[in-house]
Amino acid sequence: REKMICADLCSKGPSKQDEKFAENFKERHPDQNIDLSQLCIWRCVEGEKSQNELEHPDVGTHDQPPPRIKEYVATAQECSRFGSGLTAEDTTPESVGARLSKCGVTHVNLPESSEAADKISKAMFK
């Protein structure tokens, strides 16, 4: 949650204090490049930002994950159930292709020696 808050805060751009920190760093290490976005996040995560830097009016509360993360988790949960209770319709090449297109292989949870795994393997490697 802390990293989400810091990433959101820093997506608004570096603060004046971030820029000053970068200038001071560059004076001491002229051969080093510094990414202001990464510096901003680092200072935030490490607790190096002042209170006024943290009170950005556009920063959300982050009580809930962003909608795309929620969608990913819901899809992953649905996809991890794929394989239990499959019907003949679920194992057609078209159905398997659609499911793999949606889920990828990462979240499909099948025992290696299952009939569904055999059918999916055959459909994939025709």
# chains A, B, ... in the order shown; residues from 1 in each chain; ligands from 1
>>> residues_around(residues="region 28-43 of chain A", least_positions_apart="5", cutoff="7 Å", atoms="only C-alpha atoms", output="list in words")
Cys6, Ala7, Cys10, Pro14, Asp18, Ala22, Glu48 and Lys49 of chain A
>>> write_last_selection(atoms="N, CA and C atoms", output="compact mmCIF listing (two decimals), in the first residue's frame")
# COMPACT_ATOMS: atom_id res chain seq x y z
N CYS A 6 3.06 6.10 -2.71
CA CYS A 6 4.23 6.84 -3.18
C CYS A 6 4.26 6.94 -4.70
N ALA A 7 3.92 5.85 -5.39
CA ALA A 7 3.89 5.89 -6.85
C ALA A 7 2.84 6.88 -7.34
N CYS A 10 4.14 10.42 -6.65
CA CYS A 10 5.24 10.79 -7.55
C CYS A 10 4.82 10.85 -9.01
N PRO A 14 7.99 15.28 -9.60
CA PRO A 14 8.85 15.44 -8.43
C PRO A 14 8.55 16.76 -7.71
N ASP A 18 12.61 17.19 -4.06
CA ASP A 18 13.22 16.12 -4.85
C ASP A 18 14.25 16.72 -5.81
N ALA A 22 18.27 16.12 -5.87
CA ALA A 22 18.96 15.67 -7.08
C ALA A 22 20.11 16.60 -7.43
N GLU A 48 11.56 10.08 3.75
CA GLU A 48 12.40 11.27 3.66
C GLU A 48 11.64 12.50 3.18
N LYS A 49 10.38 12.33 2.84
CA LYS A 49 9.60 13.48 2.36
C LYS A 49 8.99 14.21 3.55
>>> closest_residue(among="A:Glu53, A:Cys44, A:Ile69, A:Lys3", to="Lys16 (chain A)", atoms="only C-alpha atoms")
A:Glu53
>>> atom_distance(atom1="CA of Ser11 (chain A)", atom2="CA of Glu27 (chain A)")
25.5 Å
>>> atom_distance(atom1="CA of Asp118 (chain A)", atom2="CA of Glu89 (chain A)")
14.8 Å
>>> atom_distance(atom1="CA of Ser50 (chain A)", atom2="CA of Ser15 (chain A)")
10.3 Å
